[in-house]
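Student: Sharing upload_35.tsv here; it has TSV, C-alpha atoms.
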chain	number	residue	atom	x	y	z
A	40	MET	CA	133.18	165.20	54.98
A	41	ILE	CA	136.13	166.87	56.64
A	42	VAL	CA	138.26	169.50	54.91
A	43	PHE	CA	141.35	170.69	56.78
A	44	ILE	CA	142.92	174.11	56.13
A	45	THR	CA	146.08	175.22	57.87
A	46	GLY	CA	148.51	178.10	57.52
A	47	GLY	CA	150.56	180.64	59.41
A	48	VAL	CA	149.30	183.84	61.01
A	49	ARG	CA	147.83	186.21	58.34
A	50	SER	CA	148.37	183.63	55.63
A	51	GLY	CA	144.85	184.09	54.27
A	52	LYS	CA	143.68	180.71	55.58
A	53	SER	CA	140.39	182.07	57.01
A	54	SER	CA	139.39	183.83	53.78
A	55	PHE	CA	140.25	180.74	51.78
A	56	ALA	CA	138.22	178.52	54.12
A	57	GLU	CA	135.22	180.91	54.00
A	58	GLN	CA	135.37	180.76	50.23
A	59	LEU	CA	135.40	176.96	50.26
A	60	ALA	CA	132.50	176.87	52.71
A	61	THR	CA	130.32	179.32	50.77
A	62	ASP	CA	131.05	177.44	47.52
A	63	ALA	CA	130.05	174.18	49.16
A	64	ALA	CA	126.87	175.71	50.62
A	65	ARG	CA	125.94	177.15	47.24
A	66	ARG	CA	126.44	173.83	45.46
A	67	ILE	CA	124.21	171.93	47.81
A	68	SER	CA	122.01	174.94	48.80
A	69	ARG	CA	122.38	174.46	52.49
A	70	ASN	CA	122.81	176.70	55.48
A	71	LEU	CA	126.18	177.93	56.57
A	72	HIS	CA	127.26	177.69	60.16
A	73	TYR	CA	130.23	179.54	61.53
A	74	ILE	CA	131.77	178.20	64.71
A	75	ALA	CA	133.72	181.00	66.36
A	76	THR	CA	136.17	179.89	69.04
A	77	SER	CA	137.77	183.10	70.33
A	78	GLN	CA	137.33	184.27	73.85
A	79	LYS	CA	137.10	188.04	74.05
A	80	THR	CA	140.18	188.51	76.17
A	81	ASP	CA	141.39	191.95	75.14
A	82	GLN	CA	140.84	194.91	72.85
A	83	GLU	CA	142.96	193.46	70.04
A	84	MET	CA	141.05	190.19	70.12
A	85	GLU	CA	137.72	192.06	70.06
A	86	GLU	CA	138.78	193.96	66.97
A	87	ARG	CA	139.90	190.74	65.32
A	88	ILE	CA	136.52	189.14	66.06
A	89	LYS	CA	134.71	192.24	64.78
A	90	ARG	CA	136.67	192.16	61.53
A	91	HIS	CA	135.65	188.54	60.93
A	92	GLN	CA	132.01	189.28	61.84
A	93	GLU	CA	131.76	192.23	59.45
A	94	LYS	CA	133.19	190.15	56.65
A	95	ARG	CA	130.49	187.54	57.15
A	96	GLU	CA	127.72	190.22	57.44
A	97	HIS	CA	128.69	191.61	54.05
A	98	SER	CA	128.77	188.18	52.53
A	99	PRO	CA	125.73	187.39	50.34
A	100	PHE	CA	125.28	184.15	52.28
A	101	ALA	CA	123.39	183.68	55.50
A	102	TRP	CA	125.87	182.62	58.13
A	103	ARG	CA	124.67	181.49	61.47
A	104	THR	CA	127.33	182.11	64.08
A	105	TRP	CA	127.89	179.90	67.10
A	106	GLU	CA	130.21	181.12	69.82
A	107	VAL	CA	131.95	178.01	71.08
A	108	PRO	CA	135.20	178.73	72.94
A	109	VAL	CA	135.02	175.27	74.57
A	110	CYS	CA	132.91	172.10	74.39
A	111	LEU	CA	132.10	171.77	70.71
A	112	GLU	CA	130.24	168.57	71.62
A	113	GLY	CA	127.61	170.75	73.33
A	114	ILE	CA	126.22	171.96	69.98
A	115	ALA	CA	126.96	168.91	67.80
A	116	ASP	CA	123.36	167.66	67.97
A	117	TYR	CA	122.02	170.79	66.26
A	118	PHE	CA	123.56	169.83	62.94
A	119	GLN	CA	122.33	167.34	60.38
A	120	SER	CA	123.36	165.78	57.15
A	121	GLY	CA	124.17	168.34	54.46
A	122	ASP	CA	124.88	171.26	56.80
A	123	VAL	CA	128.04	173.20	56.07
A	124	LEU	CA	130.16	174.15	59.08
A	125	LEU	CA	133.25	176.28	59.30
A	126	LEU	CA	135.28	175.85	62.49
A	127	ASP	CA	137.67	178.80	62.86
A	128	CYS	CA	139.84	177.80	64.46
A	129	LEU	CA	140.96	174.53	65.99
A	130	THR	CA	144.03	176.21	67.51
A	131	ASN	CA	141.82	178.41	69.72
A	132	LEU	CA	139.51	175.59	70.64
A	133	ALA	CA	142.46	173.39	71.67
A	134	THR	CA	144.04	176.27	73.64
A	135	ASN	CA	140.79	177.07	75.46
A	136	GLU	CA	140.20	173.40	76.27
A	137	LEU	CA	143.74	172.59	77.38
A	138	PHE	CA	144.17	175.63	79.61
A	139	ALA	CA	140.57	175.78	80.87
A	140	GLY	CA	140.48	176.95	84.48
A	141	TRP	CA	143.86	178.74	84.48
A	142	GLU	CA	142.19	182.09	85.29
A	143	ASN	CA	141.12	180.75	88.68
A	144	GLY	CA	144.33	178.86	89.29
A	145	THR	CA	143.26	175.36	88.18
A	146	GLU	CA	146.11	174.07	86.04
A	147	LYS	CA	144.40	170.97	84.67
A	148	TRP	CA	146.76	170.84	81.69
A	149	GLN	CA	149.52	169.50	83.95
A	150	ASN	CA	147.59	166.26	84.29
A	151	GLY	CA	148.29	163.68	81.56
A	152	ASN	CA	144.82	162.13	81.83
A	153	TYR	CA	143.22	165.50	81.32
A	154	ARG	CA	145.35	166.18	78.22
A	155	SER	CA	144.38	162.83	76.79
A	156	GLU	CA	140.70	163.51	77.56
A	157	VAL	CA	140.83	166.85	75.70
A	158	TYR	CA	142.37	165.13	72.66
A	159	HIS	CA	139.78	162.35	72.56
A	160	ARG	CA	136.85	164.71	73.19
A	161	ILE	CA	137.80	166.94	70.24
A	162	ILE	CA	138.45	163.98	67.91
A	163	GLN	CA	135.18	162.33	68.95
A	164	VAL	CA	132.98	165.30	68.11
A	165	ILE	CA	134.71	165.77	64.74
A	166	GLU	CA	134.17	162.09	63.91
A	167	GLN	CA	130.56	162.36	65.04
A	168	LEU	CA	129.89	165.35	62.74
A	169	ASP	CA	131.66	163.59	59.87
A	170	GLN	CA	129.58	160.44	60.30
A	171	ARG	CA	126.40	162.50	60.41
A	172	GLY	CA	127.10	163.77	56.88
A	173	VAL	CA	128.02	167.32	57.84
A	174	THR	CA	130.56	169.08	55.62
A	175	LEU	CA	133.02	170.42	58.17
A	176	PHE	CA	135.80	172.84	57.25
A	177	ILE	CA	138.44	173.03	59.98
A	178	VAL	CA	140.87	175.96	60.08
A	179	SER	CA	144.05	175.68	62.15
A	180	ASN	CA	147.53	177.14	62.54
A	181	GLU	CA	150.99	176.09	61.43
A	182	ILE	CA	153.13	176.45	64.53
A	183	PHE	CA	155.58	173.62	64.05
A	184	GLN	CA	158.42	174.99	61.94
A	185	SER	CA	160.23	177.08	64.48
A	186	PRO	CA	161.90	175.95	67.69
A	187	ILE	CA	159.07	175.15	70.12
A	188	PRO	CA	159.66	176.98	73.43
A	189	ASP	CA	160.54	174.34	75.98
A	190	ASP	CA	158.24	175.36	78.84
A	191	PRO	CA	155.90	172.46	79.62
A	192	GLY	CA	152.67	174.34	78.83
A	193	THR	CA	153.78	175.24	75.31
A	194	LEU	CA	155.21	171.78	74.68
A	195	TYR	CA	152.01	170.03	75.75
A	196	PHE	CA	150.00	172.41	73.63
A	197	ALA	CA	152.16	171.78	70.56
A	198	GLU	CA	151.95	168.04	71.17
A	199	LEU	CA	148.15	168.19	71.46
A	200	LEU	CA	147.74	170.31	68.34
A	201	GLY	CA	150.18	168.16	66.35
A	202	LYS	CA	148.31	164.99	67.29
A	203	LEU	CA	144.97	166.58	66.41
A	204	HIS	CA	146.31	167.71	63.03
A	205	GLN	CA	147.68	164.25	62.25
A	206	HIS	CA	144.39	162.57	63.10
A	207	ILE	CA	142.30	165.13	61.23
A	208	VAL	CA	144.51	164.99	58.10
A	209	ALA	CA	144.22	161.18	58.16
A	210	MET	CA	140.40	161.34	58.18
A	211	ALA	CA	140.03	164.43	55.94
A	212	ALA	CA	138.83	164.18	52.34
A	213	ARG	CA	141.01	167.18	51.54
A	214	ALA	CA	143.80	169.06	53.30
A	215	TYR	CA	145.30	172.42	52.33
A	216	LEU	CA	148.29	174.45	53.41
A	217	VAL	CA	147.83	178.20	52.84
A	218	GLU	CA	150.90	180.42	52.55
A	219	ASN	CA	150.79	184.08	51.49
A	220	GLY	CA	147.20	183.66	50.35
A	221	ILE	CA	148.07	180.73	48.10
A	222	ALA	CA	146.63	177.34	48.95
A	223	THR	CA	148.49	174.11	48.20
A	224	VAL	CA	146.52	170.87	48.11
A	225	LYS	CA	148.25	168.36	50.39
A	226	LYS	CA	145.59	165.69	50.23
A	227	GLY	CA	142.64	164.92	47.96
A	228	GLU	CA	141.57	166.77	44.85
A	229	HIS	CA	140.62	170.40	44.60
A	230	HIS	CA	137.22	170.63	42.92
A	231	GLU	CA	136.46	172.66	39.83
A	232	GLY	CA	134.76	175.96	40.64
A	233	GLU	CA	136.46	176.32	43.98
A	234	ARG	CA	139.15	178.82	44.59
B	54	MET	CA	171.09	157.30	54.17
B	55	HIS	CA	167.45	158.32	54.33
B	56	PHE	CA	166.62	161.72	55.84
B	57	VAL	CA	163.14	162.32	57.22
B	58	THR	CA	162.24	165.88	58.18
B	59	GLY	CA	159.23	168.15	58.77
B	60	GLY	CA	157.84	170.22	61.63
B	61	ALA	CA	157.78	169.06	65.24
B	62	PHE	CA	154.82	166.85	66.25
B	63	ASN	CA	154.02	166.05	62.61
B	64	GLY	CA	154.27	162.27	62.90
B	65	LYS	CA	157.81	161.73	61.57
B	66	ARG	CA	158.60	158.92	64.01
B	67	ARG	CA	155.36	157.12	63.30
B	68	TRP	CA	155.94	157.42	59.56
B	69	VAL	CA	159.44	155.91	59.83
B	70	GLU	CA	158.10	153.10	62.05
B	71	ALA	CA	155.49	152.23	59.44
B	72	PHE	CA	157.78	152.70	56.43
B	73	TYR	CA	160.47	150.35	57.75
B	74	GLY	CA	158.22	148.19	59.92
B	75	TYR	CA	160.65	149.07	62.69
B	76	PRO	CA	159.17	150.19	66.06
B	77	HIS	CA	161.00	152.93	67.95
B	78	LYS	CA	161.58	150.56	70.88
B	79	SER	CA	163.93	148.55	68.64
B	80	GLY	CA	167.59	148.28	69.62
B	81	GLY	CA	168.79	150.17	66.56
B	82	TRP	CA	166.74	153.24	67.37
B	83	HIS	CA	168.37	156.15	69.21
B	84	SER	CA	166.77	159.44	70.25
B	85	PHE	CA	168.99	162.41	71.05
B	86	TYR	CA	166.21	163.64	73.31
B	87	GLU	CA	166.86	160.65	75.56
B	88	SER	CA	170.65	160.62	75.50
B	89	ALA	CA	173.40	162.71	73.94
B	90	ASP	CA	175.53	159.65	73.15
B	91	VAL	CA	174.67	156.82	70.79
B	92	SER	CA	175.48	153.60	72.64
B	93	LYS	CA	177.79	151.07	70.92
B	94	GLU	CA	175.04	148.40	70.84
B	95	VAL	CA	172.89	150.55	68.55
B	96	TRP	CA	175.39	149.98	65.73
B	97	ASP	CA	175.03	146.18	66.02
B	98	HIS	CA	171.65	146.40	64.29
B	99	GLY	CA	170.95	146.25	60.57
B	100	ILE	CA	168.75	149.35	60.63
B	101	VAL	CA	169.86	152.35	62.67
B	102	VAL	CA	167.48	155.26	63.19
B	103	LEU	CA	168.90	158.41	64.78
B	104	GLU	CA	166.08	160.67	65.89
B	105	GLY	CA	166.28	164.31	66.99
B	106	MET	CA	168.99	165.75	64.71
B	107	GLU	CA	168.08	169.22	66.03
B	108	MET	CA	168.95	168.03	69.54
B	109	PHE	CA	172.19	166.45	68.31
B	110	VAL	CA	173.10	169.85	66.81
B	111	LYS	CA	172.30	171.59	70.10
B	112	ASN	CA	174.43	169.16	72.11
B	113	THR	CA	177.36	169.52	69.72
B	114	LEU	CA	177.13	173.30	69.89
B	115	ASN	CA	177.28	173.18	73.68
B	116	GLU	CA	180.55	171.29	73.39
B	117	VAL	CA	182.46	173.01	70.63
B	118	ASN	CA	180.41	176.13	69.83
B	119	GLU	CA	181.40	177.91	66.59
B	120	LYS	CA	183.51	175.08	65.23
B	121	GLY	CA	180.33	173.06	65.38
B	122	ARG	CA	179.71	172.64	61.67
B	123	GLU	CA	182.98	170.81	61.08
B	124	GLN	CA	182.31	168.60	64.09
B	125	LEU	CA	178.81	167.82	62.80
B	126	ARG	CA	180.17	166.92	59.37
B	127	LEU	CA	182.71	164.55	60.90
B	128	GLU	CA	179.98	162.74	62.84
B	129	LEU	CA	177.75	162.54	59.78
B	130	LYS	CA	180.67	161.09	57.80
B	131	LYS	CA	181.23	158.40	60.45
B	132	TRP	CA	177.54	157.44	60.43
B	133	CYS	CA	177.46	157.20	56.64
B	134	GLU	CA	180.65	155.11	56.62
B	135	TRP	CA	178.97	152.68	59.00
B	136	GLU	CA	176.15	152.24	56.49
B	137	GLN	CA	178.41	152.02	53.44
B	138	SER	CA	180.78	149.45	54.96
B	139	ASN	CA	178.08	146.80	54.57
B	140	GLY	CA	175.56	146.69	51.74
B	141	THR	CA	172.70	145.43	53.92
B	142	ARG	CA	172.90	148.25	56.47
B	143	LYS	CA	170.37	151.03	56.51
B	144	LEU	CA	170.71	154.44	58.18
B	145	VAL	CA	167.75	156.75	58.81
B	146	LEU	CA	168.10	160.25	60.26
B	147	ILE	CA	165.09	162.16	61.62
B	148	GLY	CA	165.27	165.94	62.17
B	149	SER	CA	162.63	168.54	63.02
B	150	ASP	CA	162.51	171.66	60.90
B	151	ILE	CA	163.28	174.58	63.23
B	152	GLY	CA	164.24	177.16	60.60
B	153	LYS	CA	160.98	179.00	60.00
B	154	GLY	CA	159.41	181.55	62.31
B	155	ILE	CA	160.87	184.56	64.07
B	156	VAL	CA	164.64	184.90	64.38
B	157	PRO	CA	165.38	184.47	68.09
B	158	ILE	CA	167.00	187.29	70.09
B	159	GLU	CA	169.40	185.09	72.03
B	160	LYS	CA	172.70	184.52	70.24
B	161	GLU	CA	172.90	180.82	71.11
B	162	HIS	CA	169.40	180.20	69.77
B	163	ARG	CA	170.26	181.92	66.51
B	164	LEU	CA	173.44	179.88	66.24
B	165	TRP	CA	171.46	176.71	66.89
B	166	ARG	CA	169.01	177.51	64.10
B	167	ASP	CA	171.77	178.45	61.68
B	168	MET	CA	173.79	175.36	62.51
B	169	ALA	CA	170.76	173.08	62.18
B	170	GLY	CA	169.97	174.62	58.79
B	171	TRP	CA	173.50	174.07	57.51
B	172	PHE	CA	173.71	170.58	58.93
B	173	TYR	CA	170.40	169.62	57.31
B	174	GLN	CA	171.81	170.81	53.97
B	175	ASP	CA	174.83	168.55	54.51
B	176	ILE	CA	172.54	165.66	55.43
B	177	VAL	CA	170.31	166.20	52.38
B	178	SER	CA	173.32	166.27	50.06
B	179	ALA	CA	174.62	162.98	51.53
B	180	ALA	CA	171.17	161.32	51.54
B	181	TYR	CA	169.93	159.09	48.74
B	182	ARG	CA	166.35	159.76	49.80
B	183	VAL	CA	164.65	162.69	51.60
B	184	ASP	CA	161.03	162.79	52.77
B	185	VAL	CA	159.18	165.71	54.34
B	186	ILE	CA	156.34	164.68	56.64
B	187	TRP	CA	153.31	166.93	57.01
B	188	TYR	CA	150.86	165.59	59.61
B	189	GLY	CA	151.59	162.02	58.62
B	190	LEU	CA	151.60	162.60	54.84
B	191	SER	CA	154.96	162.22	53.12
B	192	GLU	CA	156.37	164.15	50.21
B	193	ARG	CA	159.56	162.82	48.66
B	194	LEU	CA	162.04	165.58	47.85
B	195	LYS	CA	164.97	163.45	46.72
Let me see whether you can do it: turn the structure in this file into structure tokens.

Tutor:
Amino acid sequence: MIVFITGGVRSGKSSFAEQLATDAARRISRNLHYIATSQKTDQEMEERIKRHQEKREHSPFAWRTWEVPVCLEGIADYFQSGDVLLLDCLTNLATNELFAGWENGTEKWQNGNYRSEVYHRIIQVIEQLDQRGVTLFIVSNEIFQSPIPDDPGTLYFAELLGKLHQHIVAMAARAYLVENGIATVKKGEHHEGER
Amino acid sequence: MHFVTGGAFNGKRRWVEAFYGYPHKSGGWHSFYESADVSKEVWDHGIVVLEGMEMFVKNTLNEVNEKGREQLRLELKKWCEWEQSNGTRKLVLIGSDIGKGIVPIEKEHRLWRDMAGWFYQDIVSAAYRVDVIWYGLSERLK
């Protein structure tokens, strides 16, 4: 089952998604897996990662953390039916995949075939996890309501993320938009006992 | 007139295609991202879809700048008159929401956002139906 959670920066989407995931794990008494996607690129990012880690350490639930900045398909086989996964967040994963290689001057994102491959690879692994009976919570960002800067890199990124969101919402059992800490159900029904 | 809005890359075009069974390659479909001017032939079709209202606003601003809103209203009036002059005609306008997010520093970008916001209000008030598309899901506002 796929549950999609999106929202702006600092909207409270991660906390909301963690709550949903722990509730789900409690209901079916299964292990919780956290898929972290950030690359430690600078001090600010490290602090952000630390903040999220500490929150999970203080949580009464046992989270197992997987650091997966790229290639989610590489760990897909570790999960089985009933496992609860929280992917936080799709925006990072898509960024890391699309611009992979930029640090050594390989601008693969300029190639249309490569962009299409990234899209299909991400969709495929999500479908695979869904079919296996994993409960997968996917957190992502709302970036589409302001003028999109018209440099090609940003445009291709927005296009990729928009297409991923559309596909994921179509296959999701539930989809939420979180604004100012308040979640609105966009698709499916919010279950009793969940916040 | 039917106005379809929502964020960029949210599947607005695909939704309109499915809703009207009218592919975007059809003769009555015009995108302001492809050309600033709507060709005469477009208006020969029973359904006309004008896509990229935000781009239409930008183009108009480049031409007439601050008097833009009046100019935009005049164009909108002409489009609606086309639809009303024949009961079987159908007009669909598609526009991306560009109003949220940080206020841009550049004056022309701010003017673009403001003008798009005002124009969308004019469109909504003239529309008989308004749908907001969120990743392919529609929510009817009017």

Student: For a quick test of understanding: name the residues of chain B lying within 9 Å of chain A when counting all atoms listed in the file, and present them as a count of residues only.

Tutor: 20

Student: Could you tell me how far atom CA of Val177 of chain B lies from atom CA of Arg193 of chain B, in Å and to one decimal?

Tutor: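 For atom CA of Val177 of chain B relative to atom CA of Arg193 of chain B, the distance reads 11.9 Å.
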
Student: So, counting only C-alpha atoms, which residue among A:Leu132, A:Ile221, A:Phe55, A:Gly192 is closest to Phe43 of chain A?

Tutor: A:Phe55

Student: Grab the atom CA of Tyr73 of chain A to atom CA of Asp127 of chain A distance for me, in Å with one decimal place.

Tutor: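 About the pair atom CA of Tyr73 of chain A and atom CA of Asp127 of chain A: they are 7.6 Å apart.
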
Student: Contacts of Trp132 of chain B at 10 Å or less, counting all atoms listed in the file, minus same-chain residues fewer than 3 places along, as a PyMOL selection string?

Tutor: chain B and resi 54+96+101+103+126-129+135-137+144-146

Student: Would you put the residues from that selection into a file with C-alpha atoms, as a compact mmCIF listing (two decimals), in the frame of the given file?

Tutor:
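selection_31.txt written:
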# COMPACT_ATOMS: atom_id res chain seq x y z
CA MET B 54 171.09 157.30 54.17
CA TRP B 96 175.39 149.98 65.73
CA VAL B 101 169.86 152.35 62.67
CA LEU B 103 168.90 158.41 64.78
CA ARG B 126 180.17 166.92 59.37
CA LEU B 127 182.71 164.55 60.90
CA GLU B 128 179.98 162.74 62.84
CA LEU B 129 177.75 162.54 59.78
CA TRP B 135 178.97 152.68 59.00
CA GLU B 136 176.15 152.24 56.49
CA GLN B 137 178.41 152.02 53.44
CA LEU B 144 170.71 154.44 58.18
CA VAL B 145 167.75 156.75 58.81
CA LEU B 146 168.10 160.25 60.26

Student: Contacts of segment 170-177 of chain A at 7 Å or less, counting all atoms listed in the file, minus same-chain residues fewer than 5 places along, as a PyMOL selection string?

Tutor: chain A and resi 40-44+56+60+119-129

Student: For each of B:Tyr86, B:Lys195, B:Lys111, B:Arg142, take the minimum atom-to-atom distance to Gly99 of chain B, counting only C-alpha atoms, then give the residue where this is smallest.

Tutor: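 Among B:Tyr86, B:Lys195, B:Lys111, B:Arg142, it is B:Arg142 that comes nearest to Gly99 of chain B.
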
Student: Give me, as a PyMOL selection string, all polymer residues having an atom no more than 12 Å from Lys78 of chain B, counting all atoms listed in the file and skipping those fewer than 5 positions away in the same chain.

Tutor: chain B and resi 66-67+70+83-84+95+101-102

Student: Between atom CA of Lys160 of chain B and atom CA of Val57 of chain B, what is the distance, to one decimal in Å?

Tutor: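 Calculated distance between atom CA of Lys160 of chain B and atom CA of Val57 of chain B is 27.5 Å.
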